[in-house]
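File shown: upload-v4.txt. Contents: compact mmCIF, C-alpha atoms.
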# COMPACT_ATOMS: atom_id res chain seq x y z
CA MET A 1 0.00 0.00 0.00
CA PRO A 2 2.00 3.04 -1.19
CA CYS A 3 1.84 6.14 0.96
CA ALA A 4 3.96 9.21 1.57
CA ASP A 5 4.28 11.63 4.42
CA GLU A 6 6.37 14.38 5.97
CA VAL A 7 8.93 12.84 8.31
CA TRP A 8 9.72 15.65 10.76
CA ARG A 9 6.18 15.54 12.06
CA LEU A 10 6.24 11.74 12.29
CA GLN A 11 9.43 11.65 14.29
CA ASN A 12 8.63 14.54 16.61
CA LEU A 13 4.92 14.88 17.42
CA ASP A 14 2.80 12.80 19.76
CA GLU A 15 -0.12 12.22 17.39
CA PRO A 16 -1.15 8.54 17.12
CA ASP A 17 0.34 8.08 13.64
CA CYS A 18 3.64 9.63 14.77
CA VAL A 19 3.84 7.32 17.78
CA HIS A 20 3.11 4.36 15.50
CA PHE A 21 5.94 5.44 13.15
CA ARG A 22 8.44 5.70 15.98
CA LYS A 23 7.72 2.11 17.03
CA PHE A 24 9.57 0.85 13.97
CA CYS A 25 11.62 3.60 12.36
CA ASP A 26 14.81 2.83 14.29
CA GLU A 27 14.40 -0.94 14.23
CA GLY A 28 16.17 -3.37 11.96
CA GLU A 29 19.68 -3.95 10.76
CA GLY A 30 21.85 -0.89 11.08
CA GLY A 31 19.43 1.01 13.30
CA ARG A 32 18.60 4.54 12.23
CA LEU A 33 18.71 5.16 8.51
CA ASN A 34 20.70 8.37 8.55
CA GLY A 35 23.29 8.21 11.30
CA ARG A 36 23.66 7.58 14.99
CA ASP A 37 22.54 10.96 16.29
CA PRO A 38 18.98 10.55 17.66
CA SER A 39 18.09 13.94 16.23
CA GLU A 40 18.96 12.87 12.68
CA THR A 41 16.19 12.82 10.13
CA ARG A 42 14.47 9.47 9.62
CA GLN A 43 13.71 10.24 6.01
CA GLY A 44 13.72 7.19 3.79
CA THR A 45 11.47 4.40 2.53
CA TYR A 46 9.99 1.91 4.97
CA ALA A 47 8.09 -1.33 4.43
CA VAL A 48 6.04 -2.18 7.49
CA THR A 49 3.03 -4.21 8.54
CA PRO A 50 -0.12 -2.26 9.44
CA SER A 51 0.51 -3.37 13.03
CA GLY A 52 3.90 -1.65 12.99
CA ILE A 53 6.42 -4.45 12.45
CA LEU A 54 9.31 -3.28 10.32
CA LEU A 55 9.84 -5.45 7.25
CA ASP A 56 12.69 -3.52 5.65
CA LYS A 57 13.86 0.02 5.00
CA ILE A 58 16.21 1.95 2.76
CA ASN A 59 17.18 5.51 1.95
CA SER A 60 18.04 5.30 -1.72
CA ARG A 61 16.56 6.29 -5.05
CA ASP A 62 18.29 3.41 -6.86
CA PRO A 63 15.42 1.43 -8.40
CA ARG A 64 17.31 -1.87 -8.22
CA ARG A 65 18.00 -1.50 -4.51
CA MET A 66 14.42 -0.41 -3.97
CA ALA A 67 13.06 -3.42 -5.86
CA ALA A 68 15.27 -5.77 -3.83
CA MET A 69 14.01 -4.19 -0.62
CA LEU A 70 10.40 -4.65 -1.70
CA ARG A 71 10.99 -8.32 -2.50
CA ARG A 72 12.53 -8.93 0.92
CA ALA A 73 9.71 -7.05 2.62
CA THR A 74 6.89 -8.89 0.88
CA ALA A 75 8.52 -12.25 1.65
CA ARG A 76 8.75 -11.35 5.34
CA TYR A 77 5.17 -10.15 5.35
CA ALA A 78 4.00 -13.51 4.03
CA GLU A 79 5.83 -15.28 6.85
CA LEU A 80 3.83 -13.47 9.54
CA GLU A 81 0.49 -14.58 10.88
CA PRO A 82 -2.40 -12.20 10.17
CA SER A 83 -2.83 -11.69 13.89
CA ALA A 84 0.70 -10.30 14.03
CA ARG A 85 0.72 -8.19 10.92
CA LEU A 86 -2.70 -6.53 11.27
CA LEU A 87 -4.04 -4.08 13.84
CA ALA A 88 -6.64 -5.48 16.20
CA ASP A 89 -8.37 -2.12 16.56
CA ASP A 90 -9.91 -0.36 13.59
CA PRO A 91 -7.37 2.31 12.50
CA ARG A 92 -10.19 4.38 10.98
CA GLU A 93 -11.27 5.33 14.49
CA THR A 94 -7.75 6.57 15.20
CA ALA A 95 -7.73 8.59 11.97
CA ALA A 96 -10.45 10.84 13.29
CA ARG A 97 -8.24 11.86 16.21
CA ILE A 98 -5.16 12.78 14.18
CA GLN A 99 -4.48 16.49 13.94
CA ARG A 100 -2.61 17.65 10.85
CA ALA A 101 -2.53 20.61 8.51
CA GLU A 102 -4.37 18.76 5.74
CA ASN A 103 -7.47 18.80 7.95
CA ARG A 104 -7.61 22.53 7.10
CA TYR A 105 -7.72 22.00 3.33
CA PRO A 106 -9.84 24.92 2.05
CA SER A 107 -12.28 23.00 -0.13
CA ASP A 108 -14.52 26.07 -0.37
CA GLY A 109 -11.65 28.53 -0.87
CA LEU A 110 -8.77 28.70 -3.32
CA VAL A 111 -5.90 26.24 -3.73
CA LEU A 112 -3.09 27.31 -6.04
CA ARG A 113 -0.15 25.22 -7.14
CA VAL A 114 3.14 27.06 -7.52
CA ASP A 115 5.57 25.35 -9.89
CA SER A 116 9.16 26.59 -9.96
CA ARG A 117 12.00 26.01 -12.40
CA ASP A 118 15.23 27.62 -13.51
CA LEU A 119 14.98 29.53 -16.79
CA PRO A 120 17.65 29.87 -19.47
CA ARG A 121 20.57 32.04 -18.48
CA PRO A 122 22.05 34.84 -20.52
CA GLY A 123 23.84 33.43 -23.52
CA GLU A 124 22.72 29.92 -22.77
CA GLU A 125 21.56 27.81 -25.68
CA ASP A 126 18.95 26.09 -23.61
CA ALA A 127 17.90 23.63 -26.29
CA ASN A 128 21.42 22.21 -26.50
CA ARG A 129 22.21 22.07 -22.80
CA ASP A 130 22.87 18.46 -21.89
CA ASP A 131 25.69 18.35 -19.36
CA GLY A 132 23.87 16.40 -16.68
CA ASP A 133 23.51 19.40 -14.42
CA TRP A 134 20.44 19.25 -12.19
CA ARG A 135 19.37 22.67 -13.46
CA GLU A 136 18.44 21.01 -16.75
CA PHE A 137 15.57 19.06 -15.26
CA ALA A 138 14.86 20.14 -11.68
CA TRP A 139 11.49 21.58 -10.84
CA ASN A 140 9.51 21.82 -7.68
CA PHE A 141 6.09 22.80 -6.47
CA ASP A 142 4.18 23.86 -3.42
CA TYR A 143 0.57 24.62 -2.66
CA ALA A 144 -0.78 28.02 -1.62
CA TRP A 145 -4.04 27.96 0.29
CA PHE A 146 -6.64 30.70 0.69
CA SER A 147 -9.62 30.23 2.96
CA ARG A 148 -13.16 31.10 1.94
CA ALA A 149 -12.96 34.30 3.95
CA GLU A 150 -9.65 35.25 2.36
CA LEU A 151 -11.02 34.58 -1.10
CA ASP A 152 -14.09 36.68 -0.33
CA ARG A 153 -11.95 39.70 0.43
CA THR A 154 -9.71 39.15 -2.61
CA VAL A 155 -12.33 39.97 -5.21
CA PRO A 156 -14.84 42.82 -4.70
CA LYS A 157 -18.54 41.92 -4.68
CA GLU A 158 -19.34 44.45 -7.39
CA LEU A 159 -17.39 44.10 -10.62
CA VAL A 160 -17.73 46.19 -13.75
CA ALA A 161 -15.74 45.99 -16.95
CA GLY A 162 -12.70 48.21 -16.81
CA ALA A 163 -12.58 48.34 -13.03
CA SER A 164 -9.29 47.69 -11.26
CA PHE A 165 -8.49 46.51 -7.79
CA ALA A 166 -5.53 45.20 -5.84
CA PHE A 167 -5.38 41.80 -4.20
CA PRO A 168 -5.12 42.20 -0.41
CA ALA A 169 -1.57 43.15 0.52
CA ASP A 170 -1.29 40.64 3.36
CA LEU A 171 -2.32 37.73 1.13
CA VAL A 172 0.05 38.71 -1.68
CA GLN A 173 2.82 39.13 0.87
CA ARG A 174 2.13 35.63 2.17
CA LEU A 175 2.10 34.18 -1.32
CA ALA A 176 5.40 35.88 -2.09
CA ARG A 177 7.39 35.18 1.03
CA LEU A 178 6.25 31.55 1.48
CA HIS A 179 5.84 30.37 -2.10
CA LEU A 180 7.90 32.48 -4.52
CA VAL A 181 11.11 31.06 -3.12
CA ASP A 182 14.08 29.31 -4.69
CA ASN A 183 13.02 25.73 -3.99
CA VAL A 184 13.88 24.45 -7.48
CA ARG A 185 16.42 21.89 -6.23
CA GLY A 186 15.02 21.30 -2.79
CA GLN A 187 13.38 22.46 0.37
CA THR A 188 14.33 26.00 1.25
CA ALA A 189 13.62 28.69 3.80
CA HIS A 190 10.80 31.15 3.45
CA TYR A 191 11.17 34.91 3.95
CA ALA A 192 10.20 36.98 6.95
CA ARG A 193 7.64 39.74 6.60
CA ASP A 194 10.28 42.45 6.88
CA GLN A 195 12.23 40.88 4.01
CA VAL A 196 9.43 41.60 1.56
CA ARG A 197 10.48 44.77 -0.23
CA ALA A 198 7.65 44.58 -2.74
CA ALA A 199 4.74 42.23 -3.36
CA SER A 200 1.63 43.25 -5.24
CA ILE A 201 -0.94 41.87 -7.65
CA ASP A 202 -3.31 44.22 -9.44
CA ALA A 203 -6.37 42.99 -11.27
CA GLU A 204 -8.33 44.63 -14.07
CA VAL A 205 -11.75 43.42 -15.19
CA VAL A 206 -11.23 43.05 -18.93
CA GLU A 207 -14.54 41.36 -19.66
CA LEU A 208 -17.80 40.36 -18.01
CA LEU A 209 -19.15 37.10 -19.39
CA THR A 210 -22.95 36.90 -19.56
CA ASP A 211 -25.64 34.25 -19.90
CA ALA A 212 -28.35 34.16 -22.56
CA SER A 213 -30.37 36.77 -20.73
CA GLY A 214 -27.44 39.11 -20.52
CA GLU A 215 -26.84 38.61 -16.83
CA PRO A 216 -23.15 38.66 -15.84
CA THR A 217 -21.90 35.20 -14.85
CA ALA A 218 -18.15 35.60 -14.65
CA ALA A 219 -15.42 38.19 -14.75
CA VAL A 220 -12.25 37.81 -16.78
CA LEU A 221 -9.36 39.45 -14.97
CA ARG A 222 -5.97 40.58 -16.22
CA LEU A 223 -3.33 40.27 -13.53
CA ALA A 224 -0.07 42.19 -13.14
CA GLY A 225 2.30 42.38 -10.25
CA VAL A 226 5.78 42.41 -8.81
CA VAL A 227 7.75 40.59 -6.16
CA HIS A 228 10.96 41.58 -4.45
CA LEU A 229 12.24 39.52 -1.53
CA ASP A 230 15.59 40.40 0.01
CA ASP A 231 17.27 38.68 2.93
CA ALA A 232 20.25 40.96 3.42
CA LYS A 233 21.70 38.87 6.24
CA THR A 234 22.08 35.68 4.20
CA LYS A 235 22.44 37.54 0.91
CA ARG A 236 19.64 35.83 -0.92
CA GLY A 237 16.57 37.05 -2.70
CA VAL A 238 14.04 36.85 -5.47
CA ALA A 239 12.88 39.71 -7.68
CA GLY A 240 10.68 39.74 -10.71
CA GLY A 241 7.52 40.69 -12.52
CA MET A 242 4.16 39.00 -12.83
CA GLN A 243 1.54 38.68 -15.54
CA GLY A 244 -1.57 36.58 -15.68
CA ARG A 245 -5.22 36.02 -16.36
CA ALA A 246 -8.07 34.59 -14.30
CA THR A 247 -11.77 33.91 -14.55
CA PHE A 248 -13.94 34.49 -11.49
CA ASP A 249 -17.39 32.92 -11.30
CA LEU A 250 -19.82 35.45 -9.86
CA ALA A 251 -22.33 32.91 -8.52
CA THR A 252 -19.94 30.68 -6.61
CA ARG A 253 -17.44 33.49 -6.06
CA ARG A 254 -14.61 31.15 -6.93
CA PHE A 255 -11.94 31.15 -9.60
CA THR A 256 -12.60 28.75 -12.45
CA ALA A 257 -9.30 29.63 -14.15
CA PHE A 258 -6.13 31.20 -12.81
CA GLU A 259 -2.73 31.57 -14.43
CA LEU A 260 -0.07 33.83 -12.98
CA LEU A 261 3.42 33.78 -14.45
CA VAL A 262 6.33 35.12 -12.40
CA VAL A 263 9.64 35.69 -14.16
CA GLY A 264 12.65 37.16 -12.45
CA GLU A 265 15.87 36.23 -10.79
CA ARG A 266 17.02 34.48 -7.63
CA TRP A 267 20.33 34.85 -5.89
CA GLY A 268 22.12 33.38 -2.91
CA GLN A 269 21.53 30.08 -1.17
CA THR A 270 19.87 28.35 1.75
CA ARG A 271 21.03 25.28 3.64
CA TYR A 272 19.45 22.65 1.42
CA ASN A 273 18.74 24.27 -1.95
CA GLN A 274 22.08 23.30 -3.52
CA ARG A 275 23.03 26.80 -4.65
CA ALA A 276 26.42 27.01 -2.94
CA ASP A 277 28.10 27.21 -6.35
CA ASP A 278 25.38 29.34 -7.84
CA LEU A 279 25.17 32.51 -5.77
CA ALA A 280 24.93 35.09 -8.52
CA PRO A 281 21.54 36.29 -9.74
CA GLU A 282 20.12 33.98 -12.37
CA PRO A 283 16.69 33.58 -14.00
CA ILE A 284 13.90 31.70 -12.28
CA GLY A 285 10.25 31.25 -13.16
CA PHE A 286 7.09 30.37 -11.29
CA ALA A 287 3.81 29.19 -12.80
CA VAL A 288 0.95 29.76 -10.36
CA HIS A 289 -2.32 28.06 -11.24
CA LEU A 290 -5.34 26.24 -9.85
CA ALA A 291 -4.40 22.95 -8.24
CA GLY A 292 -6.24 19.79 -9.15
CA ASP A 293 -8.43 18.13 -6.57
CA GLY A 294 -6.80 14.69 -6.71
CA PRO A 295 -5.37 13.23 -3.50
CA THR A 296 -1.79 14.17 -4.31
CA GLU A 297 -2.79 17.84 -4.64
CA ARG A 298 -4.34 18.18 -1.20
CA VAL A 299 -1.03 18.38 0.61
CA ALA A 300 -0.64 21.38 2.90
CA PRO A 301 1.64 24.31 2.09
CA THR A 302 5.22 23.62 3.12
CA ALA A 303 5.31 26.51 5.57
CA PHE A 304 1.69 26.17 6.66
CA TRP A 305 2.53 27.10 10.23
CA GLU A 306 3.27 30.61 8.92
CA TYR A 307 -0.33 31.01 7.77
CA GLY A 308 -1.50 31.64 11.30
CA TRP A 309 -4.84 29.92 10.69
CA ARG A 310 -6.61 29.16 13.95
CA MET B 1 14.70 33.43 -28.80
CA LEU B 2 13.36 32.29 -25.43
CA ALA B 3 16.71 32.80 -23.72
CA LEU B 4 16.94 36.25 -25.25
CA LEU B 5 13.45 37.10 -24.14
CA LEU B 6 14.00 35.89 -20.62
CA THR B 7 17.26 37.69 -20.40
CA PHE B 8 15.52 40.88 -21.29
CA PHE B 9 12.69 40.54 -18.82
CA ALA B 10 14.74 39.17 -15.97
CA PHE B 11 17.59 41.60 -16.25
CA ALA B 12 16.13 44.73 -17.72
CA HIS B 13 16.07 46.46 -14.37
CA VAL B 14 19.43 45.45 -13.01
CA ALA B 15 23.09 45.44 -13.83
CA HIS B 16 24.94 42.13 -13.97
CA VAL B 17 28.21 41.95 -12.04
CA PRO B 18 30.25 38.77 -12.47
CA ASP B 19 31.57 38.29 -8.92
CA PRO B 20 28.84 36.29 -7.17
CA VAL B 21 29.51 37.43 -3.63
CA ALA B 22 30.09 41.07 -4.26
CA SER B 23 27.45 41.02 -6.88
CA ARG B 24 24.44 39.83 -4.95
CA ARG B 25 22.15 41.62 -7.19
CA VAL B 26 21.16 44.92 -5.78
CA VAL B 27 18.03 45.76 -7.66
CA GLN B 28 18.60 49.26 -8.80
CA ASP B 29 15.05 49.82 -9.93
CA GLU B 30 12.10 48.05 -8.44
CA PRO B 31 10.80 45.11 -10.48
CA ARG B 32 7.98 45.86 -12.86
CA PRO B 33 5.10 43.75 -14.17
CA LEU B 34 5.74 41.62 -17.24
CA GLU B 35 4.43 42.73 -20.59
CA LEU B 36 4.49 39.55 -22.64
CA THR B 37 2.55 38.68 -25.75
CA GLU B 38 0.31 35.64 -25.48
CA ALA B 39 2.86 33.58 -27.42
CA GLU B 40 5.71 34.71 -25.19
CA PHE B 41 3.64 34.03 -22.08
CA ARG B 42 2.72 30.55 -23.26
CA SER B 43 6.29 29.70 -24.23
CA ILE B 44 7.67 30.51 -20.78
CA TRP B 45 4.69 28.96 -19.02
CA GLU B 46 5.13 25.65 -20.84
CA ARG B 47 8.82 25.67 -20.06
CA ILE B 48 8.13 25.90 -16.32
CA GLU B 49 5.23 23.48 -16.15
CA PRO B 50 6.08 19.78 -15.75
CA ASP B 51 5.28 17.50 -18.67
CA ALA B 52 3.39 14.20 -18.51
CA GLU B 53 6.53 12.20 -17.87
CA GLU B 54 7.47 14.43 -14.95
CA GLU B 55 3.98 14.01 -13.51
CA ALA B 56 3.81 10.24 -14.07
CA TRP B 57 4.30 9.56 -10.35
CA ARG B 58 0.78 10.85 -9.73
CA THR B 59 -0.64 7.80 -11.55
CA ILE B 60 0.45 5.58 -8.63
CA PRO B 61 -2.49 5.20 -6.19
CA TRP B 62 -0.62 6.98 -3.40
CA ARG B 63 -2.15 7.60 -0.02
CA THR B 64 -1.00 11.04 1.02
CA THR B 65 -0.61 10.28 4.71
CA PHE B 66 1.06 7.41 6.53
CA TRP B 67 -2.07 6.68 8.50
CA GLN B 68 -4.30 6.44 5.44
CA GLY B 69 -1.82 3.87 4.18
CA VAL B 70 -2.18 1.96 7.45
CA VAL B 71 -5.98 2.13 7.26
CA ASP B 72 -6.16 0.76 3.72
CA ALA B 73 -3.39 -1.79 4.21
CA ASN B 74 -5.08 -3.11 7.35
CA GLU B 75 -8.35 -3.51 5.51
CA LEU B 76 -6.78 -5.31 2.54
CA ASP B 77 -4.11 -7.23 4.51
CA ARG B 78 -1.20 -5.67 2.65
CA PRO B 79 2.16 -4.30 3.76
CA VAL B 80 2.60 -0.53 3.92
CA LEU B 81 5.23 1.14 1.76
CA LEU B 82 6.00 4.51 3.36
CA PHE B 83 8.00 7.18 1.52
CA ALA B 84 8.92 9.72 4.21
CA MET B 85 10.89 12.87 3.52
CA ASN B 86 11.69 16.20 5.14
CA GLY B 87 8.96 18.21 3.52
CA HIS B 88 6.04 16.21 2.21
CA PRO B 89 7.18 14.28 -0.89
CA PHE B 90 4.01 15.39 -2.66
CA GLY B 91 4.59 18.99 -1.82
CA CYS B 92 7.79 20.95 -1.68
CA THR B 93 10.80 18.86 -0.67
Can you give me the file's structure in the form of structure tokens?
Amino acid sequence: MPCADEVWRLQNLDEPDCVHFRKFCDEGEGGRLNGRDPSETRQGTYAVTPSGILLDKINSRDPRRMAAMLRRATARYAELEPSARLLADDPRETAARIQRAENRYPSDGLVLRVDSRDLPRPGEEDANRDDGDWREFAWNFDYAWFSRAELDRTVPKELVAGASFAFPADLVQRLARLHLVDNVRGQTAHYARDQVRAASIDAEVVELLTDASGEPTAAVLRLAGVVHLDDAKTKRGVAGGMQGRATFDLATRRFTAFELLVVGERWGQTRYNQRADDLAPEPIGFAVHLAGDGPTERVAPTAFWEYGWR
Amino acid sequence: MLALLLTFFAFAHVAHVPDPVASRRVVQDEPRPLELTEAEFRSIWERIEPDAEEEAWRTIPWRTTFWQGVVDANELDRPVLLFAMNGHPFGCT
């Protein structure tokens, strides 16, 4: 049964699923996956019975090693009696007690996916680049959530063609400092509020769509904006311009289309984003759009704790 | 063409200095909104967005939490395969 989860929470909190994880994560040959220090991350791939008996584990992306691990794990699973490998109590009852950010998924609000990728550098023949560098293929993504109340105050109730308005400054600031970050190669740090030098999105109603009776049903918006994040202490930042288009349904007061392109530059590094040899300003792009509603797109924003939702 | 275009929009407001440390780009003018044609917009957009091959992992019937994996595995009498990373593997990591 394939599943994925965030490991810091599993190895540190006292929620039932976290306690269950810690029963087995340090078991087995070799002990902890990533070193002797108890504070080390337990990130890796684990095969385990529902009851919490470790079958095997590995921290590798090598498909052959992974396949071998799965074969060993399934063989061990078959050797166990059902009474040993299964939970006696119904785990669905436990699920209702587990607190996690995904419980706050704003199904009636707005969920945006923010894709990030390096863009061609000055003088670079991007079509011919094939030197194995991770910048050729790396991309990343995160989810930006907006509650129903936040969405309600993003778009005015009365819209007329030609009208302009600004998205709420606090929400654009949050989008910028938590999501328009250089995470292309890996997890990175977000920006503090006082490191946001500029963050704005302006919308113009370019068209009101109408039904057969001429009643307005949706507003087509043109979006324009800027972002400028600057962490002077660590000498990193992101700066660029935005352009986009969105369609806002007037009846449901929800976006039915949303595309916001951000093109600019990033500079500097953070602990894990692999930019130690790439400190100078270079092009980066973000594509911000509606997320799908499939299970893999309901994951909480990486820095959800910064949202301050209560 | 794309590289040229991006160079223009990304660097129009700043001066490039080769030394990476001394040159942490000090934006001399504040960034400004993009002014792309539809074709230019779409070209950059498609470059950033992942293609079908890059999104193929979503076709696996993943459970997005460890406990949902336990719930379903317990019901079907199957082992759990848990992929656990710093940062949710299906989000930003």
Distance criterion (only C-alpha atoms): nearest to A:Ser51 out of A:Asp90, A:Asp278, A:Asp37, A:Glu204:
A:Asp90
For each of A:Gly244, A:Gly268, A:Gly35, A:Gly285, take the minimum atom-to-atom distance to B:Glu38, counting only C-alpha atoms, then give the residue where this is smallest.
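Among the listed residues, A:Gly244 lies closest to B:Glu38.
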Counting all atoms listed in the file, note down every residue that has an atom within 12 Å of the point (-6.3, 29.8, -9.8) (file coordinates), as an NGL selection string.
:A and (109-114 or 143-146 or 151 or 221 or 223 or 244-249 or 254-261 or 287-292)
I'd like the interatomic distance between atom CA of A:Asp293 and atom CA of B:Ala84, to a tenth of an Å.
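Pair atom CA of A:Asp293 / atom CA of B:Ala84 returns 22.1 Å.
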Shortest contact to chain B, candidates A:Cys25, A:Met242, A:Leu171, A:Ile201, atoms counted only C-alpha atoms, goes to A:Met242
Å distance separating atom CA of A:Asn34 from atom CA of A:Lys57, one decimal place:
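Atom-to-atom, atom CA of A:Asn34 and atom CA of A:Lys57 are spaced 11.4 Å apart.
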Å distance separating atom CA of A:Arg117 from atom CA of A:Asn273, one decimal place
12.6 Å
Could you name the residues that touch stretch 72-82 of chain B at 10 Å or less, counting all atoms listed in the file, but leaving out those on the same chain fewer than 4 positions away, as a PyMOL selection string?
(chain A and resi 1-5+21+43-57+70+73-74+76-78+82+85-92) or (chain B and resi 62-68)
Please save C-alpha atoms of the selected residues as a tab-separated table (two decimals), in the coordinates of the input.
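Below is the file that was written, again-v3.tsv:
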chain	number	residue	atom	x	y	z
A	1	MET	CA	0.00	0.00	0.00
A	2	PRO	CA	2.00	3.04	-1.19
A	3	CYS	CA	1.84	6.14	0.96
A	4	ALA	CA	3.96	9.21	1.57
A	5	ASP	CA	4.28	11.63	4.42
A	21	PHE	CA	5.94	5.44	13.15
A	43	GLN	CA	13.71	10.24	6.01
A	44	GLY	CA	13.72	7.19	3.79
A	45	THR	CA	11.47	4.40	2.53
A	46	TYR	CA	9.99	1.91	4.97
A	47	ALA	CA	8.09	-1.33	4.43
A	48	VAL	CA	6.04	-2.18	7.49
A	49	THR	CA	3.03	-4.21	8.54
A	50	PRO	CA	-0.12	-2.26	9.44
A	51	SER	CA	0.51	-3.37	13.03
A	52	GLY	CA	3.90	-1.65	12.99
A	53	ILE	CA	6.42	-4.45	12.45
A	54	LEU	CA	9.31	-3.28	10.32
A	55	LEU	CA	9.84	-5.45	7.25
A	56	ASP	CA	12.69	-3.52	5.65
A	57	LYS	CA	13.86	0.02	5.00
A	70	LEU	CA	10.40	-4.65	-1.70
A	73	ALA	CA	9.71	-7.05	2.62
A	74	THR	CA	6.89	-8.89	0.88
A	76	ARG	CA	8.75	-11.35	5.34
A	77	TYR	CA	5.17	-10.15	5.35
A	78	ALA	CA	4.00	-13.51	4.03
A	82	PRO	CA	-2.40	-12.20	10.17
A	85	ARG	CA	0.72	-8.19	10.92
A	86	LEU	CA	-2.70	-6.53	11.27
A	87	LEU	CA	-4.04	-4.08	13.84
A	88	ALA	CA	-6.64	-5.48	16.20
A	89	ASP	CA	-8.37	-2.12	16.56
A	90	ASP	CA	-9.91	-0.36	13.59
A	91	PRO	CA	-7.37	2.31	12.50
A	92	ARG	CA	-10.19	4.38	10.98
B	62	TRP	CA	-0.62	6.98	-3.40
B	63	ARG	CA	-2.15	7.60	-0.02
B	64	THR	CA	-1.00	11.04	1.02
B	65	THR	CA	-0.61	10.28	4.71
B	66	PHE	CA	1.06	7.41	6.53
B	67	TRP	CA	-2.07	6.68	8.50
B	68	GLN	CA	-4.30	6.44	5.44
